[in-house]
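One structure below.
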Amino acid sequence: MLLEVKNLTTEFKLKRGIVKAVDDISFTIDKGEILAIVGESGSGKSVTSLSIMGLLQNPGRISGGQILYKSQDLSKLSKKELQKLRGNQISMIFQEPMTSLNPVWRIKDQIMESIMLHMKLSKKEALARTIEMLETVGIPSAAQRANDYPHQMSGGMRQRVMTAMALACDPELLIADEPTTALDVTIQAQILELIYQMREKFHMAVMLITHDLGVVSEAADRVIVMYCGKIMEEADVKTLFNHPMHPYTIGLMQSIPQIDDDSDKRLYMIKGMVPNPLDMPKGCPFSDRCDQSMERCTQEMPQLQDLGGHKVRCFLYDAKEGGSK
Amino acid sequence: MSEVLMDIQNLAKHFVIDTNFLGKPVSVLKAVDGVSFSINQGEAFGLVGESGCGKTTLGKILVNLYRPTNGKLIFEGKDLTGLNEEQRRSYCKDIQMIFQDPYASLNPKMTIGDIIAEPIIINGLLPRNQVEERVIYLLNCVGLARHQRNRYPHEFSGGQRQRVGIARALAVEPKLIVCDEPVSALDVSIQAQVLNLLSDLKEEFGLTYLFIAHGLNVVKHISDRVGVMYLGKLVEIAPKKELYSNPLHPYTQALLSAIPVINPEKKMERIILEGDVPSPINPPAGCRFSSRCFKAQEKCKLSEPIFKEVSPGHLVACHLFE
C-alpha cells in the first residue's frame, strides 16, 4: 500500500459558517494502481488532492484524519519535509495547462529546477534529463522546444510539459487533477495514452481526478464516486460500470449521451442541483435529488458499507433494512 | 426534403494579423475559409471540430457579430450579406445565439428579468404593458420561477444562467438559434437538463438549431445532420446515423475513435493523431489535414480535395474518395 487516507476531513472556515469540503473520507492506493475520483464541481475531489499535496490555501485546513504515505503522516510533516517529497516522490499535474506554468521562465528551466533540487544533478545532467523527459512525453525536436516560453506552445504541448515536469523525478505517486479537461478530444487521447504508458514503464500509482466517466472507464483500475465531500460509492472499474449501485452513480451514467446509442430518447435527468455546502440537506446529501429517496434518507446519514469490495453509501442496500436489491 | 432555411455559400472570414507600412495585409488568419452547407427548416444541424477550427467564428457570422470576408448567407431566400447595416439588423431577431460561457454572457448589473425583457423592448415586439407577462412566460418555458425575475445573474448556478441565456434568445421569437457549446461549461447532471430543455423548446416553438460543440456524443444526441470542421473548412457532412456509423474522412474517424467509451469491457481500437492542429495562419498546403493524417498520400500535400457528395446527403472532402 502506497498511500492510505484515513478519515480525512478538510474544512473551509468562512464568515457564514464552516464548509466541510471533504468529509471523513478514507481510501488507499496501491503501487502501480490507477485510482479515479469522479464527481461534479463542489464534490471535494480537488480539495482531496490539495490536502494530500499540502497545498491548501487559507481558509482551508485539514481538521481531522491522517494521510499516510508509506506509513508516514503527510499532514504532520513540516513544510521542509513535505517539500522533499513533493515534486519528487509525489507529484501533481494540474487542470489548467495555461496557468500552471510560469510565463516568464523557459520550459527547460522550470523542469530543471525540480530535477536539480531533488535528484542532486549538475546543470548539464539536469538539462540532458529534461530533454529526455520532453522526448518521452512526445514533444518533437525537444532540444529546441526546451528553450521555448509557455506562451509559444499550444494547450496540448503545455499539458505535456506539465506531465514531463511531474514525471521528471520518477515519482511513485502521480496526482492528476483533470489533466485532460481543458483539451480537445484528439489531444486528450494522446495525454491519456501517455499517462498509461508511464504507469507501465515506471510502475507508478496514479490518482486521477476527473468528472468525465468516459475517461474513468478507459483509464482507471478502481473508482471512487464523490458527492458533496463524501464517498458515495467505491468499486473496481468493471464492477462499477456493470453494476452501479448508488442512485447518484446510476443517474450520472444515464445522463450522458452515449455515442453508440442510436435512439432519440430523452436523456435521463438528475433533478435539481448540488446543494449549497452551507445549507446541506439533513441526512443523505443526495436525498433531495434522488428518485428513490425514502423518509429515512432525509433524516439520517447512511454509512459507507462494504459489500464484498464494492462500497456504497445508501439505505437501499442497508443490511438492517433487509434491502431489497 | 424540407425547405432550406439558411443556405451558406462559400462563406469565409479572414482576420488580418499584421500589415506592412502601406496597410497591406502580410499575415492573414483564415478562420473560416470557404464553407458551404444549408440548414433545413426545423432541423438541428450539428457542427463539430476542435478548438481553432472556426466553428464559433462561423456561428458569429450568422448572428451578425462578424461580417464575412467572402461568401453569401441566403436566409429564407434573401441574401443577408448584400444588405446594409440597418437592413441586416432587421434580420437579427430571426437569428439568435446561445453562448458558451454562462458566466460571461449575462450582464451582471441587470436582473434576469430585465435581461430577457431588453430584446423585446429594443425590437418593439410588444407594447410595454405586455412585456412583463411575456418575461414571466419565458422564465416558465425554461424552467425558472416567477419569483426569480428580480434576481441578478450571480445568484444563479451555471445551469440556471444558461437557462436565462436560452430565455433571452427565445424572447424575440427567432427562427434559427445558433447554440455555441451551450453545455460544455456545465456539470454532467446539469448538461442533461439543458439538453432536454433545448429538445423540448425545439418541438414547442418549431425552432431550427445550428448546434456547435466539440463533444461528439452531445452533438449526436441533439442533431439531425452533422458537419465536421477542420482548420476553417468542412471535411464531412452526413446525416447523423450515417456519419457515426460510416465515417469516411480520416479526421472524422480519428475524432470518433478518440472519445472515451463508457464501458470498461469495450476498449476501442484507437487512432491516436500525431501532433497538434496546425496554425490557421499558415495552414498546410494541399489538404489541411494532411500533416496529421494517417492515410496521407503524396497528392494530399499537393492539391486540395474537392468537397463532393459520395452517397445521398453524405459529402466528404478527401482524395481517397475521388
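Residue numbering restarts at 1 in every chain; chains get A, B, ... in the order shown in the C-alpha cells, and ligands count up from 1 in that same order.
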
* stretch 304-318 of chain B surroundings by only C-alpha atoms, 8 Å radius, close-in-sequence under 5 positions cut, as a list in words ->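 The residues satisfying every condition are Leu234, Val235, Glu236, Ile237, Ala238, Pro239, Glu242, Leu243, Leu248, His249, Ala285, Gly286, Cys287 and Arg288 of chain B.
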
Dump as a PDB file, in the first residue's frame, selection limited to C-alpha atoms:
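Result file is out-v2.pdb:
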ATOM      1  CA  LEU B 234     -15.773  21.470 -43.739  1.00  0.00           C
ATOM      2  CA  VAL B 235     -14.344  17.987 -44.227  1.00  0.00           C
ATOM      3  CA  GLU B 236     -17.513  15.938 -43.991  1.00  0.00           C
ATOM      4  CA  ILE B 237     -21.287  16.323 -43.768  1.00  0.00           C
ATOM      5  CA  ALA B 238     -23.738  13.490 -43.327  1.00  0.00           C
ATOM      6  CA  PRO B 239     -26.997  12.602 -41.649  1.00  0.00           C
ATOM      7  CA  GLU B 242     -24.629   7.781 -41.401  1.00  0.00           C
ATOM      8  CA  LEU B 243     -21.791   9.906 -40.013  1.00  0.00           C
ATOM      9  CA  LEU B 248     -15.403   8.439 -44.304  1.00  0.00           C
ATOM     10  CA  HIS B 249     -12.926  11.230 -43.679  1.00  0.00           C
ATOM     11  CA  ALA B 285      -0.654  23.129 -48.425  1.00  0.00           C
ATOM     12  CA  GLY B 286      -2.996  20.748 -50.182  1.00  0.00           C
ATOM     13  CA  CYS B 287      -5.391  19.017 -47.801  1.00  0.00           C
ATOM     14  CA  ARG B 288      -5.199  20.811 -44.467  1.00  0.00           C
TER      15      ARG B 288
END

* Asked: Taking only C-alpha atoms into account, which residues of chain A are within 7 Å of chain B, as a list in words?
  ->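 Close enough to count are Glu40, Ser41, Asp184, Val185, Thr186, Ala189, Gln190, Leu213, Gly214, Val215, Ser217, Glu218, Val237, Lys238, Phe241, Leu252, Ser255, Ile256, Pro257, Gln258, Ile259, Asp264, Arg266, Leu267, Tyr268, Met269 and Ile270 of chain A.
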
Could you save those same residues with C-alpha atoms as a PDB file, in the first residue's frame?
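The resulting file, again_21.pdb, is shown below:
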ATOM      1  CA  GLU A  40     -19.082  17.132 -10.200  1.00  0.00           C
ATOM      2  CA  SER A  41     -17.986  20.627  -9.214  1.00  0.00           C
ATOM      3  CA  ASP A 184      -9.583  18.669 -27.310  1.00  0.00           C
ATOM      4  CA  VAL A 185     -10.560  15.026 -27.670  1.00  0.00           C
ATOM      5  CA  THR A 186      -7.730  14.069 -30.001  1.00  0.00           C
ATOM      6  CA  ALA A 189      -6.455  10.683 -26.198  1.00  0.00           C
ATOM      7  CA  GLN A 190      -2.734  11.429 -26.559  1.00  0.00           C
ATOM      8  CA  LEU A 213     -16.884   8.966 -16.781  1.00  0.00           C
ATOM      9  CA  GLY A 214     -15.572   8.087 -20.218  1.00  0.00           C
ATOM     10  CA  VAL A 215     -12.015   8.866 -19.138  1.00  0.00           C
ATOM     11  CA  SER A 217     -13.801   3.820 -17.823  1.00  0.00           C
ATOM     12  CA  GLU A 218     -10.824   3.932 -20.186  1.00  0.00           C
ATOM     13  CA  VAL A 237     -13.906  -0.176 -12.649  1.00  0.00           C
ATOM     14  CA  LYS A 238     -15.682  -3.165 -14.197  1.00  0.00           C
ATOM     15  CA  PHE A 241     -19.781   0.310 -14.705  1.00  0.00           C
ATOM     16  CA  LEU A 252     -24.641  10.139 -13.757  1.00  0.00           C
ATOM     17  CA  SER A 255     -27.471  11.311 -18.078  1.00  0.00           C
ATOM     18  CA  ILE A 256     -24.563  11.177 -20.537  1.00  0.00           C
ATOM     19  CA  PRO A 257     -25.477  10.901 -24.213  1.00  0.00           C
ATOM     20  CA  GLN A 258     -23.873   7.675 -25.403  1.00  0.00           C
ATOM     21  CA  ILE A 259     -22.020   7.667 -28.670  1.00  0.00           C
ATOM     22  CA  ASP A 264     -33.589   9.530 -29.892  1.00  0.00           C
ATOM     23  CA  ARG A 266     -34.796  11.871 -23.868  1.00  0.00           C
ATOM     24  CA  LEU A 267     -31.807  11.894 -21.591  1.00  0.00           C
ATOM     25  CA  TYR A 268     -32.243  10.817 -18.026  1.00  0.00           C
ATOM     26  CA  MET A 269     -32.042  13.836 -15.762  1.00  0.00           C
ATOM     27  CA  ILE A 270     -30.903  14.097 -12.189  1.00  0.00           C
TER      28      ILE A 270
END

* Asked: In Å to one decimal, how far is atom CA of B:Gly165 from atom CA of B:Phe99?
  -> 7.4 Å

* Per DSSP on the backbone, filter stretch 83-292 of chain B down to the residues in alpha helix (DSSP H) and report them as a ChimeraX atom specification. => /B:85-89,112-122,128-141,158-170,188-205,216-222,240-245,250-258

* To do: For A:Arg199, please output as a list in words all residues within 9 Å (counting only C-alpha atoms; exclusion window: fewer than 4 positions along the same chain).
  => Gly32, Glu33, Ile34, Leu194, Ile195, His203, Met204, Ala205 and Val206 of chain A

* Taking the DSSP assignment computed from this structure's backbone, write out as a PyMOL selection string all residues of stretch 98-199 of chain B that belong to strand (DSSP E). => chain B and resi 98+176-180
